[in-house]
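File shown here: final_6.cif, holding mmCIF, C-alpha atoms.
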```
data_entry
#
loop_
_atom_site.label_atom_id
_atom_site.label_comp_id
_atom_site.auth_asym_id
_atom_site.auth_seq_id
_atom_site.Cartn_x
_atom_site.Cartn_y
_atom_site.Cartn_z
CA MET U 1 29.40 -9.10 -5.10
CA ILE U 2 30.07 -6.72 -2.21
CA ASP U 3 33.77 -7.65 -2.25
CA ASP U 4 34.04 -5.72 -5.47
CA PRO U 5 35.61 -2.38 -4.44
CA VAL U 6 33.65 -0.43 -7.03
CA VAL U 7 30.37 -1.75 -5.70
CA ALA U 8 31.40 -1.14 -2.10
CA SER U 9 32.29 2.47 -2.86
CA ASP U 10 28.99 2.79 -4.70
CA LEU U 11 27.15 1.72 -1.59
CA GLY U 12 29.23 4.06 0.54
CA ALA U 13 28.33 7.05 -1.61
CA GLN U 14 24.62 6.51 -1.21
CA TRP U 15 24.11 8.52 1.95
CA PRO U 16 21.65 10.98 0.36
CA TYR U 17 19.30 8.05 -0.04
CA ALA U 18 19.66 7.27 3.63
CA LEU U 19 18.91 10.91 4.44
CA ALA U 20 15.80 10.84 2.27
CA THR U 21 14.48 7.67 3.85
CA LEU U 22 15.21 8.95 7.35
CA LEU U 23 13.23 12.11 6.64
CA PHE U 24 10.49 9.95 5.25
CA ALA U 25 10.46 7.68 8.29
CA ALA U 26 10.33 10.60 10.72
CA GLY U 27 7.39 11.96 8.79
CA MET U 28 5.67 8.59 8.87
CA TRP U 29 6.13 8.36 12.61
CA LEU U 30 4.62 11.78 13.16
CA LEU U 31 1.77 10.98 10.81
CA LEU U 32 0.82 7.69 12.43
CA PRO U 33 -1.95 7.93 15.01
CA ARG U 34 -0.30 8.54 18.37
CA GLY U 35 -3.27 9.23 20.57
CA ARG U 36 -2.79 12.96 20.69
CA ARG U 37 -3.21 15.79 18.31
CA GLY U 38 -0.51 17.88 16.79
CA GLY U 39 2.58 17.10 14.79
CA ARG U 40 0.73 15.87 11.79
CA ARG U 41 1.53 18.88 9.66
CA LEU U 42 5.18 18.60 10.55
CA GLY U 43 5.01 14.91 9.72
CA ALA U 44 3.41 15.59 6.38
CA GLY U 45 6.10 18.16 5.66
CA LEU U 46 8.92 15.80 6.59
CA ALA U 47 7.49 12.95 4.54
CA ALA U 48 6.99 15.26 1.57
CA ALA U 49 10.56 16.51 1.92
CA GLY U 50 11.88 12.95 1.98
CA LEU U 51 9.83 12.07 -1.07
CA ALA U 52 10.96 15.18 -2.91
CA LEU U 53 14.60 14.42 -2.19
CA LEU U 54 14.04 10.86 -3.39
CA VAL U 55 12.44 12.13 -6.60
CA LEU U 56 15.42 14.42 -7.18
CA LEU U 57 17.87 11.61 -6.53
CA VAL U 58 16.14 8.89 -8.47
CA HIS U 59 14.28 10.55 -11.25
CA PHE U 60 16.42 13.54 -12.03
CA GLY U 61 19.72 11.81 -11.44
CA LEU U 62 20.99 14.20 -8.79
CA THR U 63 24.27 12.97 -7.35
CA ILE U 64 26.28 14.44 -4.57
CA HIS U 65 29.99 13.74 -4.69
CA ASP U 66 32.59 14.47 -2.10
CA ARG U 67 35.59 14.88 -4.36
CA PRO U 68 34.70 17.33 -7.13
CA PRO U 69 34.74 21.03 -6.30
CA ARG U 70 31.05 21.47 -6.96
CA SER U 71 29.18 19.61 -4.29
CA VAL U 72 25.97 19.25 -6.25
CA GLU U 73 25.81 18.43 -9.89
CA PHE U 74 23.31 16.97 -12.25
CA THR U 75 25.34 14.27 -13.92
CA VAL U 76 22.68 12.81 -16.14
CA PRO U 77 19.95 15.37 -16.59
CA PHE U 78 16.82 13.52 -17.70
CA PRO U 79 18.77 10.58 -19.01
CA ALA U 80 15.83 8.67 -20.33
CA LEU U 81 12.76 10.56 -21.29
CA GLY U 82 13.05 13.37 -23.71
CA SER U 83 9.73 15.03 -23.40
CA TRP U 84 8.34 16.75 -20.37
CA ALA U 85 4.97 15.14 -20.89
CA HIS U 86 6.26 11.64 -20.25
CA ASP U 87 8.08 12.83 -17.18
CA GLY U 88 5.04 14.62 -15.89
CA VAL U 89 2.73 11.67 -16.38
CA PHE U 90 5.03 9.34 -14.51
CA LEU U 91 5.66 11.80 -11.71
CA ILE U 92 1.99 12.53 -11.22
CA LEU U 93 1.17 8.83 -11.11
CA ALA U 94 4.00 8.05 -8.72
CA VAL U 95 3.22 10.90 -6.36
CA LEU U 96 -0.46 10.00 -6.44
CA THR U 97 0.30 6.37 -5.64
CA VAL U 98 2.78 6.97 -2.85
CA GLY U 99 0.92 9.89 -1.32
CA SER U 100 -2.38 8.08 -1.13
CA ALA U 101 -0.54 5.04 0.23
CA ILE U 102 0.75 7.20 3.09
CA CYS U 103 -2.74 8.55 3.66
CA SER U 104 -4.29 5.11 3.68
CA VAL U 105 -1.86 3.90 6.31
CA THR U 106 -2.02 6.92 8.56
CA PHE U 107 -5.65 8.03 8.57
CA ARG U 108 -7.63 7.42 11.74
CA SER U 109 -10.90 6.33 10.27
CA PRO U 110 -10.67 2.91 8.63
CA VAL U 111 -13.20 3.89 6.00
CA TYR U 112 -10.93 6.71 4.88
CA CYS U 113 -8.05 4.24 4.89
CA ALA U 114 -9.98 1.99 2.52
CA ILE U 115 -10.90 4.87 0.22
CA TRP U 116 -7.31 6.12 0.07
CA PHE U 117 -6.25 2.57 -0.66
CA ALA U 118 -8.61 2.64 -3.63
CA MET U 119 -6.75 5.77 -4.74
CA THR U 120 -3.46 3.87 -4.43
CA LEU U 121 -4.91 1.12 -6.56
CA LEU U 122 -5.91 3.61 -9.23
CA GLY U 123 -2.39 5.00 -9.21
CA THR U 124 -0.90 1.54 -9.47
CA ALA U 125 -3.22 0.73 -12.35
CA GLY U 126 -2.03 3.90 -14.05
CA LEU U 127 1.58 2.83 -13.53
CA PHE U 128 0.76 -0.53 -15.08
CA PHE U 129 -0.78 1.20 -18.08
CA TYR U 130 2.28 3.38 -18.39
CA GLN U 131 4.47 0.29 -18.57
CA GLY U 132 2.32 -1.13 -21.34
CA SER U 133 0.63 -3.84 -19.30
CA GLN U 134 -2.92 -2.88 -20.08
CA PHE U 135 -4.57 -6.07 -18.96
CA LEU U 136 -3.03 -5.85 -15.51
CA GLY U 137 -4.17 -2.27 -15.13
CA VAL U 138 -7.74 -3.21 -15.87
CA ALA U 139 -7.51 -6.34 -13.72
CA THR U 140 -6.17 -4.34 -10.81
CA ILE U 141 -9.09 -1.95 -10.95
CA VAL U 142 -11.67 -4.71 -11.44
CA VAL U 143 -10.37 -7.26 -8.97
CA TYR U 144 -8.86 -5.06 -6.29
CA ALA U 145 -10.92 -1.90 -6.31
CA GLY U 146 -14.07 -3.60 -7.50
CA ALA U 147 -14.11 -6.76 -5.46
CA ILE U 148 -11.58 -6.88 -2.64
CA LEU U 149 -11.98 -3.29 -1.50
CA VAL U 150 -15.76 -3.44 -1.55
CA THR U 151 -15.57 -6.55 0.60
CA PHE U 152 -13.37 -4.63 3.02
CA LEU U 153 -15.93 -1.88 3.20
CA PHE U 154 -18.67 -4.42 3.79
CA VAL U 155 -16.80 -5.90 6.72
CA LEU U 156 -16.13 -2.43 8.08
CA MET U 157 -19.80 -1.58 7.92
CA LEU U 158 -20.69 -4.83 9.63
CA ALA U 159 -18.10 -4.65 12.36
CA GLN U 160 -17.49 -0.99 13.06
CA PRO U 161 -20.46 1.09 12.01
CA GLU U 162 -19.80 3.85 14.53
CA GLY U 163 -16.65 5.06 12.81
CA HIS U 164 -13.77 6.02 15.07
CA ALA U 165 -12.69 3.65 17.78
CA PHE U 166 -10.04 4.23 20.40
CA TYR U 167 -7.74 1.65 18.88
CA ASP U 168 -7.71 3.62 15.65
CA ARG U 169 -6.18 6.57 17.46
CA VAL U 170 -3.13 4.78 18.84
CA SER U 171 -0.59 2.56 17.17
CA TRP U 172 1.84 -0.08 18.28
CA GLU U 173 5.41 1.10 18.52
CA GLY U 174 5.20 3.89 15.97
CA PRO U 175 8.92 4.80 15.99
CA LEU U 176 10.04 1.20 15.67
CA ALA U 177 7.63 0.53 12.83
CA ALA U 178 8.79 3.69 11.03
CA CYS U 179 12.40 2.63 11.54
CA ALA U 180 11.66 -0.79 10.08
CA GLY U 181 10.11 0.85 7.05
CA ALA U 182 13.04 3.22 6.73
CA VAL U 183 15.57 0.39 6.84
CA MET U 184 13.62 -1.51 4.22
CA VAL U 185 13.19 1.43 1.84
CA GLY U 186 16.72 2.72 2.45
CA LEU U 187 18.41 -0.58 1.73
CA LEU U 188 16.31 -1.16 -1.37
CA THR U 189 16.84 2.30 -2.82
CA MET U 190 20.56 2.24 -2.11
CA THR U 191 20.88 -1.13 -3.78
CA PHE U 192 18.92 0.09 -6.79
CA ALA U 193 21.03 3.23 -6.97
CA ALA U 194 24.20 1.16 -7.00
CA ALA U 195 22.76 -1.19 -9.57
CA PHE U 196 21.56 1.55 -11.89
CA ALA U 197 24.30 4.11 -11.39
CA PRO U 198 25.64 5.21 -14.77
CA ASN U 199 29.33 4.59 -14.94
CA THR U 200 30.75 7.98 -15.71
CA GLU U 201 34.41 7.03 -15.58
CA GLN U 202 34.52 5.92 -19.18
CA GLN U 203 33.42 8.59 -21.58
CA GLY U 204 32.15 6.10 -24.15
CA SER U 205 28.88 6.99 -25.80
CA PRO U 206 26.65 4.18 -24.45
CA PRO U 207 26.67 4.61 -20.67
CA ARG U 208 27.19 1.51 -18.64
CA TYR U 209 24.61 0.76 -16.04
CA GLY U 210 26.23 -0.73 -12.99
CA TRP U 211 25.50 -4.32 -12.19
CA LEU U 212 22.75 -4.48 -14.76
CA GLU U 213 24.94 -3.80 -17.73
CA PRO U 214 25.39 -7.42 -18.92
CA ALA U 215 21.65 -8.04 -18.83
CA ILE U 216 20.96 -4.91 -20.83
CA ALA U 217 23.75 -5.35 -23.34
CA ALA U 218 22.65 -8.89 -24.16
CA GLU U 219 19.53 -7.73 -25.92
CA ALA U 220 19.26 -5.77 -29.12
CA PRO U 221 17.44 -2.47 -28.68
CA ALA U 222 15.19 -3.11 -31.66
CA ALA U 223 13.89 -6.40 -30.27
CA ARG U 224 13.23 -4.83 -26.91
CA ASN U 225 9.72 -3.62 -27.51
CA GLU U 226 8.23 -6.34 -29.63
CA ASN U 227 6.93 -8.57 -26.86
CA ILE U 228 5.40 -6.56 -24.04
CA LEU U 229 4.44 -3.59 -26.17
CA ALA U 230 2.88 -5.67 -28.93
CA THR U 231 -0.30 -4.35 -30.43
CA GLU U 232 -2.14 -7.60 -29.71
CA HIS U 233 -1.40 -7.28 -26.05
CA VAL U 234 -4.15 -9.34 -24.49
CA ALA U 235 -3.96 -12.01 -27.19
CA SER U 236 -0.29 -12.67 -26.65
CA LEU U 237 -0.71 -12.44 -22.88
CA GLY U 238 -3.40 -15.10 -23.03
CA ARG U 239 -1.30 -17.23 -25.37
CA THR U 240 1.54 -17.20 -22.88
CA LEU U 241 -0.77 -17.74 -19.93
CA PHE U 242 -2.49 -20.77 -21.36
CA SER U 243 0.56 -22.39 -22.91
CA THR U 244 3.58 -21.85 -20.70
CA HIS U 245 1.70 -21.40 -17.45
CA LEU U 246 -1.20 -23.78 -18.00
CA ILE U 247 -0.56 -25.88 -14.91
CA ALA U 248 -0.21 -22.76 -12.79
CA VAL U 249 -3.59 -21.57 -14.07
CA GLU U 250 -5.16 -24.85 -13.04
CA VAL U 251 -3.53 -24.66 -9.64
CA ALA U 252 -4.73 -21.08 -9.20
CA GLY U 253 -8.27 -22.13 -10.02
CA THR U 254 -8.08 -24.90 -7.46
CA LEU U 255 -6.71 -22.42 -4.95
CA LEU U 256 -9.66 -20.12 -5.51
CA LEU U 257 -12.08 -22.97 -4.95
CA VAL U 258 -10.28 -24.08 -1.80
CA ALA U 259 -10.23 -20.51 -0.47
CA LEU U 260 -13.96 -20.19 -1.08
CA VAL U 261 -14.71 -23.42 0.76
CA GLY U 262 -12.30 -22.47 3.51
CA ALA U 263 -13.87 -19.06 4.08
CA ILE U 264 -17.33 -20.60 4.36
CA ALA U 265 -16.01 -23.28 6.71
CA ILE U 266 -14.34 -20.69 8.94
CA ILE U 267 -17.46 -18.59 9.24
CA ALA U 268 -19.73 -21.57 9.87
CA HIS U 269 -17.34 -22.98 12.45
CA SER U 270 -17.03 -19.68 14.33
CA GLN U 271 -20.77 -19.24 14.47
CA LYS U 272 -21.19 -22.74 15.88
CA THR U 273 -18.65 -22.16 18.63
CA ASP U 274 -20.19 -18.79 19.44
CA ALA U 275 -23.60 -20.31 19.96
CA SER U 276 -22.20 -23.01 22.23
CA SER U 277 -20.14 -20.67 24.42
CA ILE U 278 -22.54 -17.87 25.32
CA THR U 279 -22.09 -17.14 29.01
CA ASN U 280 -22.60 -14.16 31.25
CA GLU U 281 -18.91 -13.50 31.64
CA PRO U 282 -17.39 -10.65 29.71
CA ALA U 283 -15.72 -11.78 26.56
CA ALA U 284 -12.22 -10.98 27.74
CA LEU U 285 -12.44 -13.33 30.71
CA ARG U 286 -14.02 -16.18 28.88
CA PRO U 287 -11.58 -18.96 28.00
CA ARG U 288 -11.51 -19.22 24.28
CA SER U 289 -12.09 -22.63 22.89
CA THR U 290 -9.57 -23.48 20.26
CA GLY U 291 -10.64 -27.02 19.51
CA GLY U 292 -13.47 -28.13 17.31
CA ALA U 293 -17.06 -27.62 18.25
CA HIS U 294 -18.52 -30.71 19.83
CA GLY U 295 -22.06 -31.35 18.91
CA MET E 1 17.53 3.63 -23.17
CA ALA E 2 14.25 4.81 -21.87
CA GLU E 3 13.53 1.55 -20.15
CA ILE E 4 16.41 1.80 -17.74
CA GLN E 5 15.28 5.00 -16.11
CA LEU E 6 11.70 3.80 -16.13
CA VAL E 7 12.60 0.54 -14.42
CA TYR E 8 14.66 2.37 -11.84
CA ASP E 9 11.78 4.71 -11.05
CA TYR E 10 9.32 1.87 -10.85
CA LEU E 11 11.52 -0.13 -8.52
CA VAL E 12 11.77 2.81 -6.16
CA VAL E 13 8.01 3.33 -6.26
CA GLY E 14 7.56 -0.36 -5.51
CA ALA E 15 10.02 -0.17 -2.63
CA LEU E 16 8.17 2.82 -1.21
CA LEU E 17 4.82 1.07 -1.44
CA PHE E 18 6.29 -1.99 0.25
CA GLY E 19 7.86 0.11 3.00
CA ILE E 20 4.69 2.09 3.66
CA GLY E 21 2.72 -1.13 3.81
CA LEU E 22 5.27 -2.55 6.23
CA VAL E 23 4.97 0.46 8.51
CA GLY E 24 1.20 0.25 8.41
CA PHE E 25 1.13 -3.45 9.11
CA LEU E 26 3.45 -3.10 12.07
CA ALA E 27 1.93 0.02 13.57
CA ARG E 28 -1.81 -0.06 13.07
CA ARG E 29 -4.14 -1.92 15.43
CA ASN E 30 -7.27 -2.19 13.36
CA MET E 31 -7.30 -5.60 11.70
CA ILE E 32 -8.86 -4.27 8.51
CA VAL E 33 -6.23 -1.56 8.17
CA MET E 34 -3.48 -4.10 8.83
CA PHE E 35 -4.89 -6.14 6.03
CA LEU E 36 -5.02 -3.15 3.69
CA ALA E 37 -1.35 -2.55 4.48
CA ALA E 38 -0.51 -6.15 3.59
CA GLU E 39 -2.30 -5.70 0.27
CA MET E 40 -0.26 -2.57 -0.28
CA MET E 41 2.93 -4.56 0.12
CA LEU E 42 1.65 -6.91 -2.57
CA GLN E 43 1.04 -3.90 -4.80
CA GLY E 44 4.64 -2.77 -4.34
CA VAL E 45 5.92 -6.16 -5.40
CA SER E 46 3.58 -6.13 -8.40
CA VAL E 47 4.89 -2.77 -9.58
CA SER E 48 8.47 -4.04 -9.37
CA LEU E 49 7.61 -7.24 -11.22
CA VAL E 50 5.93 -5.39 -14.07
CA ALA E 51 8.97 -3.14 -14.36
CA TRP E 52 11.37 -6.07 -14.53
CA GLY E 53 9.22 -7.78 -17.12
CA ARG E 54 9.31 -4.63 -19.22
CA LEU E 55 13.06 -4.39 -18.90
CA HIS E 56 13.71 -7.95 -19.98
CA ASN E 57 10.89 -7.93 -22.52
CA HIS E 58 9.47 -11.07 -20.99
CA TRP E 59 5.95 -12.02 -20.00
CA GLY E 60 7.09 -13.61 -16.76
CA GLY E 61 6.67 -10.47 -14.69
CA GLN E 62 3.11 -9.88 -15.76
CA MET E 63 2.28 -13.56 -15.29
CA LEU E 64 3.52 -13.40 -11.73
CA VAL E 65 1.43 -10.31 -11.10
CA LEU E 66 -1.63 -12.11 -12.44
CA PHE E 67 -1.06 -14.93 -9.99
CA ILE E 68 -0.42 -12.42 -7.23
CA LEU E 69 -3.86 -11.01 -7.99
CA THR E 70 -5.37 -14.47 -7.71
CA VAL E 71 -3.64 -15.24 -4.45
CA ALA E 72 -4.58 -11.82 -3.09
CA ALA E 73 -8.23 -12.50 -3.84
CA CYS E 74 -8.07 -15.87 -2.02
CA GLU E 75 -6.19 -14.28 0.85
CA ALA E 76 -8.73 -11.48 1.14
CA GLY E 77 -11.61 -13.92 1.32
CA ILE E 78 -10.05 -16.11 3.98
CA ALA E 79 -8.63 -13.22 6.00
CA LEU E 80 -11.94 -11.40 6.05
CA ALA E 81 -13.65 -14.57 7.21
CA LEU E 82 -11.06 -14.85 9.99
CA VAL E 83 -11.46 -11.18 10.91
CA LEU E 84 -15.21 -11.58 11.09
CA SER E 85 -14.99 -14.63 13.31
CA LEU E 86 -12.50 -12.83 15.57
CA TYR E 87 -14.88 -9.91 15.67
CA HIS E 88 -17.72 -12.18 16.67
CA ARG E 89 -15.70 -13.35 19.64
CA SER E 90 -14.24 -10.06 20.84
CA GLY E 91 -16.73 -7.49 19.67
CA ARG E 92 -14.13 -5.21 18.13
CA LEU E 93 -11.55 -5.12 15.40
CA ASP E 94 -8.70 -4.43 17.81
CA ILE E 95 -5.77 -6.77 17.37
CA ALA E 96 -4.56 -5.96 20.89
CA PHE E 97 -7.48 -7.92 22.27
CA TRP E 98 -5.69 -11.10 21.21
CA GLN E 99 -2.45 -10.29 22.96
CA THR E 100 -2.92 -13.32 25.20
CA LEU E 101 -1.42 -15.20 22.28
CA ARG E 102 1.96 -13.57 22.95
CA GLU E 103 4.92 -15.45 24.31
CA ALA E 104 5.03 -16.20 28.01
CA ASN E 105 7.94 -13.90 28.87
CA GLN E 106 6.56 -10.84 27.11
CA PRO E 107 4.95 -8.06 29.15
CA ALA E 108 1.35 -7.27 28.53
CA PHE E 109 0.44 -4.24 26.47
CA VAL E 110 -1.60 -1.85 28.56
CA ASP E 111 -3.72 0.80 26.95
CA GLN E 112 -3.17 4.30 28.24
CA GLU E 113 -5.82 6.88 28.77
CA LEU E 114 -6.52 8.77 25.61
CA PRO E 115 -7.59 12.38 25.53
CA ASP E 116 -11.09 12.77 24.23
CA GLU E 117 -11.54 13.45 20.61
CA ALA E 118 -12.53 16.99 19.92
CA HIS E 119 -15.88 17.05 18.23
CA PRO E 120 -16.29 20.43 16.64
CA LYS E 121 -19.86 21.61 16.58
CA PRO E 122 -21.30 21.44 13.10
CA THR E 123 -22.10 24.79 11.64
CA TRP E 124 -25.09 24.90 9.36
CA PRO E 125 -25.50 27.47 6.67
CA GLU E 126 -28.05 30.13 7.36
CA LEU E 127 -30.33 30.99 4.52
CA PRO E 128 -31.54 34.55 4.31
CA PRO E 129 -35.33 34.76 4.28
CA SER E 130 -36.76 35.73 0.97
CA GLY E 131 -40.10 35.79 -0.71
CA ILE E 132 -43.46 35.59 0.97
CA GLU E 133 -44.07 33.25 3.85
CA PRO E 134 -46.63 30.66 2.75
CA ARG E 135 -49.83 30.32 4.65
CA VAL E 136 -50.04 27.16 6.70
CA ASP E 137 -53.18 25.51 7.95
CA ASP E 138 -53.63 25.27 11.69
CA GLU E 139 -54.08 21.51 11.50
CA ILE E 140 -50.70 21.06 9.89
CA LEU E 141 -49.11 23.29 12.51
CA VAL E 142 -50.60 21.20 15.30
CA GLU E 143 -49.36 18.06 13.63
CA ARG E 144 -45.87 19.48 13.32
CA GLU E 145 -45.78 20.47 16.97
CA HIS E 146 -46.86 16.99 17.85
CA ARG E 147 -44.11 15.43 15.74
CA ILE E 148 -41.46 17.69 17.16
CA HIS E 149 -42.40 16.93 20.73
CA VAL E 150 -42.76 13.21 20.14
#
```
Whole structure, structure tokens version:
Amino acid sequence: MIDDPVVASDLGAQWPYALATLLFAAGMWLLLPRGRRGGRRLGAGLAAAGLALLVLLVHFGLTIHDRPPRSVEFTVPFPALGSWAHDGVFLILAVLTVGSAICSVTFRSPVYCAIWFAMTLLGTAGLFFYQGSQFLGVATIVVYAGAILVTFLFVLMLAQPEGHAFYDRVSWEGPLAACAGAVMVGLLTMTFAAAFAPNTEQQGSPPRYGWLEPAIAAEAPAARNENILATEHVASLGRTLFSTHLIAVEVAGTLLLVALVGAIAIIAHSQKTDASSITNEPAALRPRSTGGAHG
Amino acid sequence: MAEIQLVYDYLVVGALLFGIGLVGFLARRNMIVMFLAAEMMLQGVSVSLVAWGRLHNHWGGQMLVLFILTVAACEAGIALALVLSLYHRSGRLDIAFWQTLREANQPAFVDQELPDEAHPKPTWPELPPSGIEPRVDDEILVEREHRIHV
């Protein structure tokens, strides 16, 4: 696919995305706990600038060409959504999700991390609602925020009741981790940009959408909304789940049971080995037994 | 074609969530926070899957997200059990405690001295005195003194 010269030039013209992700990564690095104070405001500013540039590029269709006399032009202003309300709802949800995700990764106190993660989950649930998948939105809130996150907080209360610890104030290899994230996000956004770039060379009325054009053109626009956006959403979701994916449902149920038994077995096993290996040595010097507990 | 722009936006949001989770998983040392970051990566994938399902008008994306939810619940249970048992052995949630599991030719990670955290003194609000001071029995005063000094 890359041998295609059009695609290759598309990828070559994506440097604003690289700039945005680099800004974002520098901000992430400054925001991560580094053991000393300072630099967090600059990091927040850099990350916000990267995000804002990304919003301009992705959502508002800003493109920067080398050839035309004007260096900056809005080729497709608001190509999709006519009304400002739709735009605003999506933007608020997206900024809420991504911003609280940054907070939940970079805050020092793990309890704050968990609470900001709950905020991310709420944002994700809102995004699911906005795409018409109501059941998943509710399930995300119930299962993630209601069950998984509360379990996290329980473990935090059990294990680290005093709040801050020194290992929450430093991080492994902050620059390298931020670079890894930047490479990931940069490659993904550049690929998406090439795949979704409207082909402006032909002035035909329906714009062509990059690599995705055959997949889009194959379906009639009228039939597009009848499945996912059906009024009987949960009914048809359940029909699909218990007909097409019946075996997967059974397997998932078995997996839940196995995970439950496994978690209990792990806890019971660790408590048994703990009781058998209590010595006066500090824990770091004690050889850790990896085998089964005898007796 | 409203769906196209929407799918594009959603994919970028999913990529951002995945990238932020990746950074957090690689950089943070608290096992709970690492696990939160891993869950965040799952969230990013879920957002992308829902968007693709919407684009192709197919239930497959949402089905996959449902199963991701299931697997995430299993994973959370088992991982928290593992974290707790690790905590029982080491006494802290620090993943660097287990660096003896690294490869033989890797240098050890040594913690550096950290500057102390600044604890700002809490400032309490001062209420202006108003009204008439109530009369207090001497017995109660003695009892209060006793409680304060004990």
* Taking the file as shown, find all residues satisfying the PyMOL selection byres ((chain U and resi 108-124) around 8) and write them as a PyMOL selection string. => (chain U and resi 33+93-94+96-98+100-101+103-107+125-128+137+140-141+144-145+149+152-153+156+163-164+168-169) or (chain E and resi 30+32-33+36+40+43+47)
task: Evaluate the PyMOL selection byres ((chain E and resi 85) around 8) here and jot the selected residues down as number ranges by chain.
output: U: 266-267, 270-271; E: 81-84, 86-89
Problem - Explicit residues for the PyMOL selection byres ((chain E and resi 10) around 12) (as a PyMOL selection string) - result: (chain U and resi 55+58-59+90-91+93-95+97-98+124+126-128+130-131+189+192) or (chain E and resi 3-9+11-17+43-55)
Between E:Glu143, E:Asp138, E:Glu133, E:Glu39, smallest distance to Ala79 of chain E by all atoms listed in the file belongs to E:Glu39
Between atom CA of Phe25 of chain E and atom CA of Met41 of chain E, measure the distance and give it in Å to one decimal.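 Going from atom CA of Phe25 of chain E over to atom CA of Met41 of chain E, I get 9.2 Å.
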The distance between atom CA of Phe109 of chain E and atom CA of Phe97 of chain E is 9.7 Å
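Between atom CA of Arg34 of chain U and atom CA of Trp98 of chain E lies a distance of 20.6 Å.
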Counting all atoms listed in the file, the residue among U:Ala180, U:Ala230, U:Ala52, U:Ala194 that lies closest to chain E is U:Ala180
Checklist line | Residue nearest Leu26 of chain E - candidates E:Ile95, E:Ile78, E:His56, E:Gly131, atoms counted: all atoms listed in the file | finding: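 So, comparing all the options, the nearest one is E:Ile95.
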The residue from U:Glu232, U:Glu162, U:Asp87, U:Glu173 with the smallest atom-to-atom distance to chain E, counting all atoms listed in the file, is U:Glu173
- Pick from U:Tyr167, U:Trp29, U:Phe24, U:Trp15: nearest to Ala49 of chain U, with only C-alpha atoms counted?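 Residue with the minimum atom-to-atom distance to Ala49 of chain U: U:Phe24.
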- Within 9 Å of Gly77 of chain E, counting all atoms listed in the file, which residues show up once you throw out same-chain ones fewer than 2 positions away? Write them as a list of chain:residue names, please.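 After dropping sequence-adjacent residues, the list is U:Ile148, U:Thr151, U:Ala259, U:Leu260, U:Gly262, U:Ala263, E:Ala72, E:Ala73, E:Cys74, E:Glu75, E:Ala79, E:Leu80, E:Ala81, E:Leu82.
Distance check against chain U using all atoms listed in the file: of E:Thr123, E:Ser130, E:Gln106, E:Gln112, the minimum falls on E:Gln112.
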Give as a tab-separated table (two decimals) with C-alpha atoms, in the frame of the given file the set of residues within 10 Å of the point (1.1, -14.9, -11.0), where distances use the file's coordinates and only C-alpha atoms.
```tsv
chain	number	residue	atom	x	y	z
U	241	LEU	CA	-0.77	-17.74	-19.93
U	245	HIS	CA	1.70	-21.40	-17.45
U	248	ALA	CA	-0.21	-22.76	-12.79
U	249	VAL	CA	-3.59	-21.57	-14.07
U	252	ALA	CA	-4.73	-21.08	-9.20
E	46	SER	CA	3.58	-6.13	-8.40
E	60	GLY	CA	7.09	-13.61	-16.76
E	61	GLY	CA	6.67	-10.47	-14.69
E	62	GLN	CA	3.11	-9.88	-15.76
E	63	MET	CA	2.28	-13.56	-15.29
E	64	LEU	CA	3.52	-13.40	-11.73
E	65	VAL	CA	1.43	-10.31	-11.10
E	66	LEU	CA	-1.63	-12.11	-12.44
E	67	PHE	CA	-1.06	-14.93	-9.99
E	68	ILE	CA	-0.42	-12.42	-7.23
E	69	LEU	CA	-3.86	-11.01	-7.99
E	70	THR	CA	-5.37	-14.47	-7.71
E	71	VAL	CA	-3.64	-15.24	-4.45
```
